[in-house]
>>> print(open('my_file-v7.cif').read())   # mmCIF, C-alpha atoms
data_start
#
loop_
_atom_site.label_atom_id
_atom_site.label_comp_id
_atom_site.auth_asym_id
_atom_site.auth_seq_id
_atom_site.Cartn_x
_atom_site.Cartn_y
_atom_site.Cartn_z
CA MET Q 12 -7.66 -27.11 17.00
CA THR Q 13 -9.49 -23.83 16.47
CA ARG Q 14 -12.87 -25.47 17.07
CA ALA Q 15 -11.53 -27.01 20.28
CA VAL Q 16 -10.28 -23.73 21.78
CA LEU Q 17 -12.99 -21.34 20.57
CA PRO Q 18 -15.59 -22.21 23.25
CA HIS Q 19 -13.07 -21.30 25.96
CA MET Q 20 -12.03 -18.12 24.15
CA ARG Q 21 -15.66 -17.09 23.66
CA ARG Q 22 -16.37 -17.59 27.38
CA GLN Q 23 -13.40 -15.45 28.40
CA ARG Q 24 -14.03 -12.91 25.57
CA SER Q 25 -10.38 -12.94 24.58
CA GLY Q 26 -7.81 -14.97 22.76
CA ARG Q 27 -5.41 -15.20 19.84
CA ILE Q 28 -5.49 -17.57 16.91
CA LEU Q 29 -2.29 -17.74 14.89
CA ASN Q 30 -2.70 -19.70 11.68
CA LEU Q 31 0.51 -20.64 9.92
CA SER Q 32 0.34 -19.47 6.33
CA SER Q 33 3.30 -18.56 4.15
CA VAL Q 34 4.56 -16.18 1.52
CA GLY Q 35 2.87 -18.85 -0.63
CA GLY Q 36 -0.46 -17.62 0.72
CA LEU Q 37 0.21 -14.26 -0.93
CA ARG Q 38 1.40 -15.45 -4.31
CA SER Q 39 1.80 -18.75 -6.03
CA ALA Q 40 4.71 -19.99 -8.10
CA ALA Q 41 5.38 -22.62 -10.71
CA GLY Q 42 5.89 -25.96 -9.03
CA PHE Q 43 4.19 -24.89 -5.79
CA GLY Q 44 0.54 -24.81 -6.90
CA VAL Q 45 -0.74 -27.43 -4.45
CA TYR Q 46 1.22 -26.01 -1.52
CA CYS Q 47 0.16 -22.44 -2.28
CA SER Q 48 -3.48 -23.41 -2.71
CA THR Q 49 -3.52 -24.69 0.87
CA LYS Q 50 -1.94 -21.47 2.10
CA PHE Q 51 -4.45 -19.37 0.14
CA ALA Q 52 -7.14 -21.33 2.01
CA VAL Q 53 -5.47 -20.52 5.35
CA GLU Q 54 -5.51 -16.83 4.40
CA GLY Q 55 -9.23 -16.89 3.56
CA LEU Q 56 -10.15 -18.83 6.68
CA THR Q 57 -8.14 -16.49 8.88
CA GLU Q 58 -9.68 -13.39 7.33
CA ALA Q 59 -13.18 -14.76 7.94
CA LEU Q 60 -12.34 -15.79 11.51
CA ALA Q 61 -10.91 -12.35 12.23
CA ALA Q 62 -14.17 -10.70 11.14
CA GLU Q 63 -16.36 -13.21 13.00
CA LEU Q 64 -14.38 -13.16 16.24
CA ALA Q 65 -13.35 -9.49 16.59
CA PRO Q 66 -16.62 -8.51 18.33
CA LEU Q 67 -15.83 -11.16 20.95
CA GLY Q 68 -12.36 -9.81 21.70
CA ILE Q 69 -10.66 -12.69 19.88
CA PHE Q 70 -8.04 -11.98 17.23
CA ALA Q 71 -7.03 -14.17 14.30
CA THR Q 72 -3.82 -13.65 12.36
CA ALA Q 73 -2.32 -15.47 9.39
CA VAL Q 74 1.41 -15.69 10.01
CA GLU Q 75 3.17 -15.38 6.64
CA PRO Q 76 6.79 -16.48 6.90
CA GLY Q 77 8.94 -16.42 3.82
CA TYR Q 78 11.97 -18.64 3.36
CA PHE Q 79 13.53 -19.44 6.73
CA ARG Q 80 16.67 -21.51 7.17
CA THR Q 81 15.05 -24.82 8.03
CA ASP Q 82 14.75 -28.26 6.44
CA PHE Q 83 11.65 -27.12 4.52
CA LEU Q 84 13.32 -27.39 1.10
CA ASP Q 85 15.35 -30.56 1.64
CA ALA Q 86 14.33 -34.16 1.02
CA THR Q 87 13.19 -34.66 4.64
CA SER Q 88 10.37 -32.18 4.04
CA LEU Q 89 9.87 -31.39 0.37
CA SER Q 90 8.43 -34.16 -1.78
CA VAL Q 91 9.48 -33.91 -5.40
CA SER Q 92 8.05 -36.16 -8.08
CA PRO Q 93 10.71 -38.36 -9.62
CA ALA Q 94 9.22 -37.65 -13.04
CA ALA Q 95 10.54 -34.62 -14.88
CA ILE Q 96 8.54 -33.38 -17.86
CA ALA Q 97 10.60 -31.55 -20.46
CA ASP Q 98 7.78 -29.11 -21.26
CA TYR Q 99 7.98 -27.78 -17.69
CA GLN Q 100 11.76 -27.53 -17.44
CA ALA Q 101 11.74 -23.72 -17.74
CA THR Q 102 9.02 -23.29 -15.10
CA ALA Q 103 8.50 -25.97 -12.44
CA GLY Q 104 11.83 -27.56 -13.33
CA ALA Q 105 13.64 -24.30 -12.69
CA VAL Q 106 11.90 -24.06 -9.31
CA ARG Q 107 13.21 -27.52 -8.40
CA THR Q 108 16.73 -26.40 -9.19
CA HIS Q 109 16.31 -23.12 -7.29
CA ALA Q 110 14.86 -24.88 -4.22
CA ALA Q 111 17.84 -27.23 -4.09
CA GLN Q 112 20.25 -24.29 -4.38
CA ILE Q 113 18.73 -22.20 -1.59
CA SER Q 114 17.99 -25.06 0.81
CA HIS Q 115 19.70 -24.22 4.12
CA ASN Q 116 20.68 -20.81 2.68
CA GLN Q 117 17.33 -19.08 3.12
CA PRO Q 118 17.43 -15.49 4.40
CA GLY Q 119 15.17 -15.96 7.44
CA ASP Q 120 16.49 -16.83 10.91
CA PRO Q 121 14.11 -19.29 12.68
CA GLN Q 122 15.20 -18.14 16.15
CA ARG Q 123 14.33 -14.53 15.32
CA LEU Q 124 10.99 -15.72 13.92
CA ALA Q 125 10.25 -17.54 17.17
CA LYS Q 126 11.04 -14.41 19.22
CA VAL Q 127 8.80 -12.25 17.02
CA LEU Q 128 5.92 -14.71 17.46
CA ILE Q 129 6.37 -14.95 21.23
CA ASP Q 130 6.34 -11.15 21.49
CA PHE Q 131 3.49 -10.87 18.98
CA VAL Q 132 0.91 -12.76 21.03
CA ASP Q 133 0.59 -9.83 23.44
CA VAL Q 134 0.40 -6.91 21.00
CA PRO Q 135 -2.85 -4.94 21.07
CA ASN Q 136 -4.88 -4.94 17.85
CA PRO Q 137 -2.80 -7.44 15.88
CA PRO Q 138 -3.10 -7.44 12.08
CA VAL Q 139 -5.03 -10.11 10.20
CA ARG Q 140 -1.85 -10.86 8.25
CA LEU Q 141 1.68 -10.80 9.66
CA PRO Q 142 4.33 -10.89 6.91
CA LEU Q 143 7.67 -12.16 8.24
CA GLY Q 144 10.97 -12.06 6.39
CA SER Q 145 12.44 -9.64 3.91
CA ASP Q 146 11.27 -11.85 1.05
CA THR Q 147 7.69 -11.79 2.30
CA ALA Q 148 7.83 -8.01 2.73
CA ALA Q 149 9.00 -7.66 -0.88
CA ALA Q 150 6.36 -10.14 -2.11
CA THR Q 151 3.62 -8.26 -0.25
CA GLU Q 152 4.64 -5.00 -1.91
CA ALA Q 153 4.86 -6.65 -5.34
CA VAL Q 154 1.47 -8.36 -5.04
CA ALA Q 155 -0.20 -5.13 -3.89
CA ALA Q 156 1.36 -3.18 -6.77
CA ALA Q 157 0.36 -5.88 -9.29
CA HIS Q 158 -3.25 -5.89 -8.05
CA LEU Q 159 -3.45 -2.10 -8.30
CA ALA Q 160 -1.96 -2.17 -11.81
CA VAL Q 161 -4.54 -4.72 -12.98
CA LEU Q 162 -7.35 -2.66 -11.47
CA LYS Q 163 -6.04 0.49 -13.12
CA ASP Q 164 -5.93 -1.21 -16.53
CA TRP Q 165 -9.15 -3.21 -16.16
CA ARG Q 166 -11.34 -1.01 -13.93
CA ALA Q 167 -13.79 -0.18 -16.72
CA VAL Q 168 -14.28 -3.88 -17.44
CA ALA Q 169 -14.55 -4.70 -13.73
CA VAL Q 170 -17.32 -2.18 -13.06
CA SER Q 171 -19.09 -2.89 -16.38
CA THR Q 172 -20.60 -6.00 -14.83
CA ASP Q 173 -22.81 -4.03 -12.41
CA PHE Q 174 -26.43 -3.26 -13.10
CA PRO Q 175 -26.82 0.14 -14.80
CA LYS Q 176 -27.37 2.96 -12.29
CA GLU Q 177 -30.96 3.51 -13.46
CA ASP Q 178 -31.73 -0.18 -12.78
CA ALA Q 179 -30.07 -0.23 -9.37
CA ALA Q 180 -33.26 0.84 -7.56
CA ALA Q 181 -35.37 -1.84 -9.28
#
>>> encode(input="my_file-v7.cif", output="structure tokens")
Amino acid sequence: MTRAVLPHMRRQRSGRILNLSSVGGLRSAAGFGVYCSTKFAVEGLTEALAAELAPLGIFATAVEPGYFRTDFLDATSLSVSPAAIADYQATAGAVRTHAAQISHNQPGDPQRLAKVLIDFVDVPNPPVRLPLGSDTAAATEAVAAAHLAVLKDWRAVAVSTDFPKEDAAA
């Protein structure tokens, strides 16, 4: 779809691309590895598009909804393998149980989400990522704090992989 609309957007030097990501594009979870990997890809694609298209007046945003009260977690949407492996009961198995318990009890209101998105398409200078839902806001804060904590603890190792300063000019 993006490839189809970009020529028109480039000609008019304006436009908005909203890619549907998820809280799963911010962090993964046991039992959701495949789903989250696709959302991580959406995040990376959107970030690259935003950088490539900004000089043309075109904005790209990854919309990151959390859990909204939809059919997403019920059998009409969520495919669950019939096999259950005992070794994963405490991880992916627990996620299966949790998903069944919160299905149709998620905190997000889909009608409010729709209104936010309709209003969002006209905001000046939209962000590259738009977290939506209290759970996504909390996840965003937790992921940012976790990344900073890792960097604090591992900074010396991280920067140890650079060429030594005296070799940098070589």
>>> residues_around(input="my_file-v7.cif", residues="Gly77 of chain Q", least_positions_apart="4", cutoff="7 Å", atoms="all atoms listed in the file", output="ChimeraX atom specification")
/Q:33-34,143-144,146-147
>>> resolve_selection(input="my_file-v7.cif", expression="the PyMOL selection byres ((chain Q and resi 121) around 12)", output="ChimeraX atom specification")
/Q:76-83,115,117-120,122-128,143-144
>>> write_last_selection(input="my_file-v7.cif", atoms="C-alpha atoms", output="mmCIF file, in the coordinates of the input")
data_model
loop_
_atom_site.group_PDB
_atom_site.id
_atom_site.type_symbol
_atom_site.label_atom_id
_atom_site.label_comp_id
_atom_site.auth_asym_id
_atom_site.auth_seq_id
_atom_site.Cartn_x
_atom_site.Cartn_y
_atom_site.Cartn_z
ATOM 1 C CA PRO Q 76 6.790 -16.480 6.900
ATOM 2 C CA GLY Q 77 8.940 -16.420 3.820
ATOM 3 C CA TYR Q 78 11.970 -18.640 3.360
ATOM 4 C CA PHE Q 79 13.530 -19.440 6.730
ATOM 5 C CA ARG Q 80 16.670 -21.510 7.170
ATOM 6 C CA THR Q 81 15.050 -24.820 8.030
ATOM 7 C CA ASP Q 82 14.750 -28.260 6.440
ATOM 8 C CA PHE Q 83 11.650 -27.120 4.520
ATOM 9 C CA HIS Q 115 19.700 -24.220 4.120
ATOM 10 C CA GLN Q 117 17.330 -19.080 3.120
ATOM 11 C CA PRO Q 118 17.430 -15.490 4.400
ATOM 12 C CA GLY Q 119 15.170 -15.960 7.440
ATOM 13 C CA ASP Q 120 16.490 -16.830 10.910
ATOM 14 C CA GLN Q 122 15.200 -18.140 16.150
ATOM 15 C CA ARG Q 123 14.330 -14.530 15.320
ATOM 16 C CA LEU Q 124 10.990 -15.720 13.920
ATOM 17 C CA ALA Q 125 10.250 -17.540 17.170
ATOM 18 C CA LYS Q 126 11.040 -14.410 19.220
ATOM 19 C CA VAL Q 127 8.800 -12.250 17.020
ATOM 20 C CA LEU Q 128 5.920 -14.710 17.460
ATOM 21 C CA LEU Q 143 7.670 -12.160 8.240
ATOM 22 C CA GLY Q 144 10.970 -12.060 6.390
#
>>> closest_atom_pairs(input="my_file-v7.cif", of="segment 89-137 of chain Q", to="segment 18-26 of chain Q", cutoff="12 Å", atoms="only C-alpha atoms", output="JSON lines")
{"residue": "Q:Val132", "atom": "CA", "partner": "Q:Gly26", "partner_atom": "CA", "distance": 9.2}
{"residue": "Q:Asp133", "atom": "CA", "partner": "Q:Gly26", "partner_atom": "CA", "distance": 9.9}
{"residue": "Q:Val134", "atom": "CA", "partner": "Q:Gly26", "partner_atom": "CA", "distance": 11.6}
{"residue": "Q:Pro135", "atom": "CA", "partner": "Q:Gly26", "partner_atom": "CA", "distance": 11.3}
{"residue": "Q:Asn136", "atom": "CA", "partner": "Q:Gly26", "partner_atom": "CA", "distance": 11.5}
{"residue": "Q:Pro137", "atom": "CA", "partner": "Q:Gly26", "partner_atom": "CA", "distance": 11.4}
>>> atom_distance(input="my_file-v7.cif", atom1="atom CA of Tyr46 of chain Q", atom2="atom CA of Ala150 of chain Q")
16.7 Å
>>> residues_near_point(input="my_file-v7.cif", point="(1.5, -15.5, 13.3)", cutoff="8 Å", atoms="all atoms listed in the file", output="list in words")
Leu29, Asn30, Leu31, Thr72, Ala73, Val74, Glu75, Leu128, Phe131, Arg140 and Leu141 of chain Q
>>> closest_residue(input="my_file-v7.cif", among="Q:Ala95, Q:Val139, Q:Leu64, Q:Met12", to="Ser32 of chain Q", atoms="all atoms listed in the file")
Q:Val139
>>> atom_distance(input="my_file-v7.cif", atom1="atom CA of Ile69 of chain Q", atom2="atom CA of Gly36 of chain Q")
22.3 Å
>>> atom_distance(input="my_file-v7.cif", atom1="atom CA of Ala97 of chain Q", atom2="atom CA of Cys47 of chain Q")
22.9 Å
>>> resolve_selection(input="my_file-v7.cif", expression="the PyMOL selection byres ((chain Q and resi 58-62) around 10)", output="number ranges by chain")
Q: 13, 27-28, 52-57, 63-73, 138-140
>>> write_last_selection(input="my_file-v7.cif", atoms="C-alpha atoms", output="mmCIF file, keeping the file's coordinate frame")
data_model
loop_
_atom_site.group_PDB
_atom_site.id
_atom_site.type_symbol
_atom_site.label_atom_id
_atom_site.label_comp_id
_atom_site.auth_asym_id
_atom_site.auth_seq_id
_atom_site.Cartn_x
_atom_site.Cartn_y
_atom_site.Cartn_z
ATOM 1 C CA THR Q 13 -9.490 -23.830 16.470
ATOM 2 C CA ARG Q 27 -5.410 -15.200 19.840
ATOM 3 C CA ILE Q 28 -5.490 -17.570 16.910
ATOM 4 C CA ALA Q 52 -7.140 -21.330 2.010
ATOM 5 C CA VAL Q 53 -5.470 -20.520 5.350
ATOM 6 C CA GLU Q 54 -5.510 -16.830 4.400
ATOM 7 C CA GLY Q 55 -9.230 -16.890 3.560
ATOM 8 C CA LEU Q 56 -10.150 -18.830 6.680
ATOM 9 C CA THR Q 57 -8.140 -16.490 8.880
ATOM 10 C CA GLU Q 63 -16.360 -13.210 13.000
ATOM 11 C CA LEU Q 64 -14.380 -13.160 16.240
ATOM 12 C CA ALA Q 65 -13.350 -9.490 16.590
ATOM 13 C CA PRO Q 66 -16.620 -8.510 18.330
ATOM 14 C CA LEU Q 67 -15.830 -11.160 20.950
ATOM 15 C CA GLY Q 68 -12.360 -9.810 21.700
ATOM 16 C CA ILE Q 69 -10.660 -12.690 19.880
ATOM 17 C CA PHE Q 70 -8.040 -11.980 17.230
ATOM 18 C CA ALA Q 71 -7.030 -14.170 14.300
ATOM 19 C CA THR Q 72 -3.820 -13.650 12.360
ATOM 20 C CA ALA Q 73 -2.320 -15.470 9.390
ATOM 21 C CA PRO Q 138 -3.100 -7.440 12.080
ATOM 22 C CA VAL Q 139 -5.030 -10.110 10.200
ATOM 23 C CA ARG Q 140 -1.850 -10.860 8.250
#
>>> decode(input="my_file-v7.cif", residues="segment 35-84 of chain Q", atoms="N, CA and C atoms", output="short mmCIF file (atom, residue, chain, number, x, y, z; two decimals), in the first residue's frame")
data_model
loop_
_atom_site.label_atom_id
_atom_site.label_comp_id
_atom_site.auth_asym_id
_atom_site.auth_seq_id
_atom_site.Cartn_x
_atom_site.Cartn_y
_atom_site.Cartn_z
N GLY Q 35 3.52 -4.80 21.22
CA GLY Q 35 4.43 -5.90 20.87
C GLY Q 35 5.57 -5.48 19.96
N GLY Q 36 5.53 -4.28 19.44
CA GLY Q 36 6.65 -3.73 18.68
C GLY Q 36 7.67 -3.06 19.58
N LEU Q 37 7.30 -2.86 20.82
CA LEU Q 37 8.19 -2.26 21.82
C LEU Q 37 8.91 -3.31 22.64
N ARG Q 38 8.17 -4.37 22.97
CA ARG Q 38 8.73 -5.43 23.80
C ARG Q 38 8.05 -6.74 23.41
N SER Q 39 8.79 -7.80 23.52
CA SER Q 39 8.24 -9.10 23.21
C SER Q 39 7.82 -9.79 24.50
N ALA Q 40 7.18 -10.92 24.36
CA ALA Q 40 6.73 -11.68 25.53
C ALA Q 40 6.69 -13.16 25.17
N ALA Q 41 6.86 -13.97 26.17
CA ALA Q 41 6.76 -15.41 25.97
C ALA Q 41 5.44 -15.74 25.28
N GLY Q 42 5.52 -16.59 24.27
CA GLY Q 42 4.31 -16.98 23.56
C GLY Q 42 3.92 -16.06 22.42
N PHE Q 43 4.54 -14.91 22.33
CA PHE Q 43 4.20 -13.94 21.28
C PHE Q 43 5.39 -13.59 20.39
N GLY Q 44 6.40 -14.47 20.36
CA GLY Q 44 7.62 -14.17 19.62
C GLY Q 44 7.39 -13.89 18.14
N VAL Q 45 6.61 -14.70 17.47
CA VAL Q 45 6.37 -14.50 16.04
C VAL Q 45 5.59 -13.22 15.81
N TYR Q 46 4.53 -13.01 16.57
CA TYR Q 46 3.75 -11.78 16.44
C TYR Q 46 4.62 -10.55 16.67
N CYS Q 47 5.37 -10.56 17.77
CA CYS Q 47 6.19 -9.40 18.11
C CYS Q 47 7.28 -9.16 17.09
N SER Q 48 7.83 -10.22 16.52
CA SER Q 48 8.88 -10.02 15.51
C SER Q 48 8.33 -9.25 14.31
N THR Q 49 7.08 -9.50 13.94
CA THR Q 49 6.50 -8.74 12.82
C THR Q 49 6.29 -7.28 13.19
N LYS Q 50 5.93 -7.04 14.44
CA LYS Q 50 5.72 -5.66 14.89
C LYS Q 50 7.04 -4.92 15.06
N PHE Q 51 8.09 -5.63 15.48
CA PHE Q 51 9.43 -5.02 15.51
C PHE Q 51 9.81 -4.57 14.10
N ALA Q 52 9.49 -5.39 13.10
CA ALA Q 52 9.79 -5.04 11.71
C ALA Q 52 9.02 -3.79 11.29
N VAL Q 53 7.76 -3.69 11.68
CA VAL Q 53 6.96 -2.51 11.37
C VAL Q 53 7.60 -1.27 11.97
N GLU Q 54 8.10 -1.39 13.20
CA GLU Q 54 8.76 -0.26 13.86
C GLU Q 54 9.99 0.20 13.08
N GLY Q 55 10.83 -0.77 12.68
CA GLY Q 55 12.04 -0.43 11.93
C GLY Q 55 11.73 0.18 10.58
N LEU Q 56 10.78 -0.39 9.88
CA LEU Q 56 10.38 0.15 8.58
C LEU Q 56 9.85 1.57 8.72
N THR Q 57 9.02 1.79 9.72
CA THR Q 57 8.43 3.11 9.91
C THR Q 57 9.49 4.15 10.26
N GLU Q 58 10.43 3.76 11.10
CA GLU Q 58 11.51 4.69 11.47
C GLU Q 58 12.33 5.08 10.23
N ALA Q 59 12.64 4.11 9.39
CA ALA Q 59 13.39 4.40 8.16
C ALA Q 59 12.57 5.28 7.22
N LEU Q 60 11.30 4.95 7.03
CA LEU Q 60 10.44 5.76 6.18
C LEU Q 60 10.35 7.19 6.67
N ALA Q 61 10.22 7.36 7.98
CA ALA Q 61 10.12 8.71 8.54
C ALA Q 61 11.35 9.53 8.18
N ALA Q 62 12.52 8.93 8.30
CA ALA Q 62 13.76 9.65 7.97
C ALA Q 62 13.87 9.93 6.46
N GLU Q 63 13.47 8.98 5.65
CA GLU Q 63 13.57 9.14 4.19
C GLU Q 63 12.56 10.15 3.64
N LEU Q 64 11.38 10.21 4.25
CA LEU Q 64 10.30 11.00 3.69
C LEU Q 64 10.14 12.39 4.30
N ALA Q 65 10.72 12.62 5.47
CA ALA Q 65 10.57 13.92 6.14
C ALA Q 65 10.97 15.09 5.24
N PRO Q 66 12.09 15.00 4.49
CA PRO Q 66 12.44 16.14 3.63
C PRO Q 66 11.42 16.43 2.54
N LEU Q 67 10.54 15.48 2.30
CA LEU Q 67 9.50 15.65 1.26
C LEU Q 67 8.17 16.12 1.85
N GLY Q 68 8.14 16.35 3.16
CA GLY Q 68 6.90 16.78 3.79
C GLY Q 68 5.94 15.64 4.07
N ILE Q 69 6.44 14.42 4.06
CA ILE Q 69 5.62 13.23 4.31
C ILE Q 69 6.02 12.66 5.66
N PHE Q 70 5.05 12.35 6.49
CA PHE Q 70 5.31 11.83 7.82
C PHE Q 70 4.92 10.36 7.91
N ALA Q 71 5.71 9.60 8.63
CA ALA Q 71 5.41 8.19 8.89
C ALA Q 71 5.38 7.97 10.39
N THR Q 72 4.36 7.28 10.85
CA THR Q 72 4.19 7.01 12.28
C THR Q 72 3.81 5.56 12.49
N ALA Q 73 4.45 4.92 13.44
CA ALA Q 73 4.05 3.58 13.88
C ALA Q 73 3.04 3.76 15.01
N VAL Q 74 1.84 3.31 14.79
CA VAL Q 74 0.79 3.39 15.79
C VAL Q 74 0.93 2.16 16.68
N GLU Q 75 1.08 2.38 17.99
CA GLU Q 75 1.40 1.31 18.94
C GLU Q 75 0.27 1.11 19.95
N PRO Q 76 -0.83 0.50 19.53
CA PRO Q 76 -1.89 0.24 20.50
C PRO Q 76 -1.50 -0.89 21.44
N GLY Q 77 -1.98 -0.79 22.65
CA GLY Q 77 -1.82 -1.89 23.59
C GLY Q 77 -3.01 -2.82 23.46
N TYR Q 78 -3.48 -3.32 24.58
CA TYR Q 78 -4.64 -4.22 24.57
C TYR Q 78 -5.92 -3.39 24.52
N PHE Q 79 -6.65 -3.54 23.44
CA PHE Q 79 -7.95 -2.88 23.28
C PHE Q 79 -9.04 -3.94 23.26
N ARG Q 80 -10.20 -3.59 23.74
CA ARG Q 80 -11.30 -4.54 23.91
C ARG Q 80 -11.90 -4.90 22.56
N THR Q 81 -11.24 -5.86 21.92
CA THR Q 81 -11.65 -6.37 20.61
C THR Q 81 -11.62 -7.90 20.67
N ASP Q 82 -11.78 -8.53 19.52
CA ASP Q 82 -11.72 -9.99 19.44
C ASP Q 82 -10.29 -10.50 19.27
N PHE Q 83 -9.31 -9.63 19.41
CA PHE Q 83 -7.91 -9.98 19.14
C PHE Q 83 -7.45 -11.22 19.90
N LEU Q 84 -7.89 -11.41 21.12
CA LEU Q 84 -7.41 -12.52 21.94
C LEU Q 84 -8.36 -13.72 21.97
#
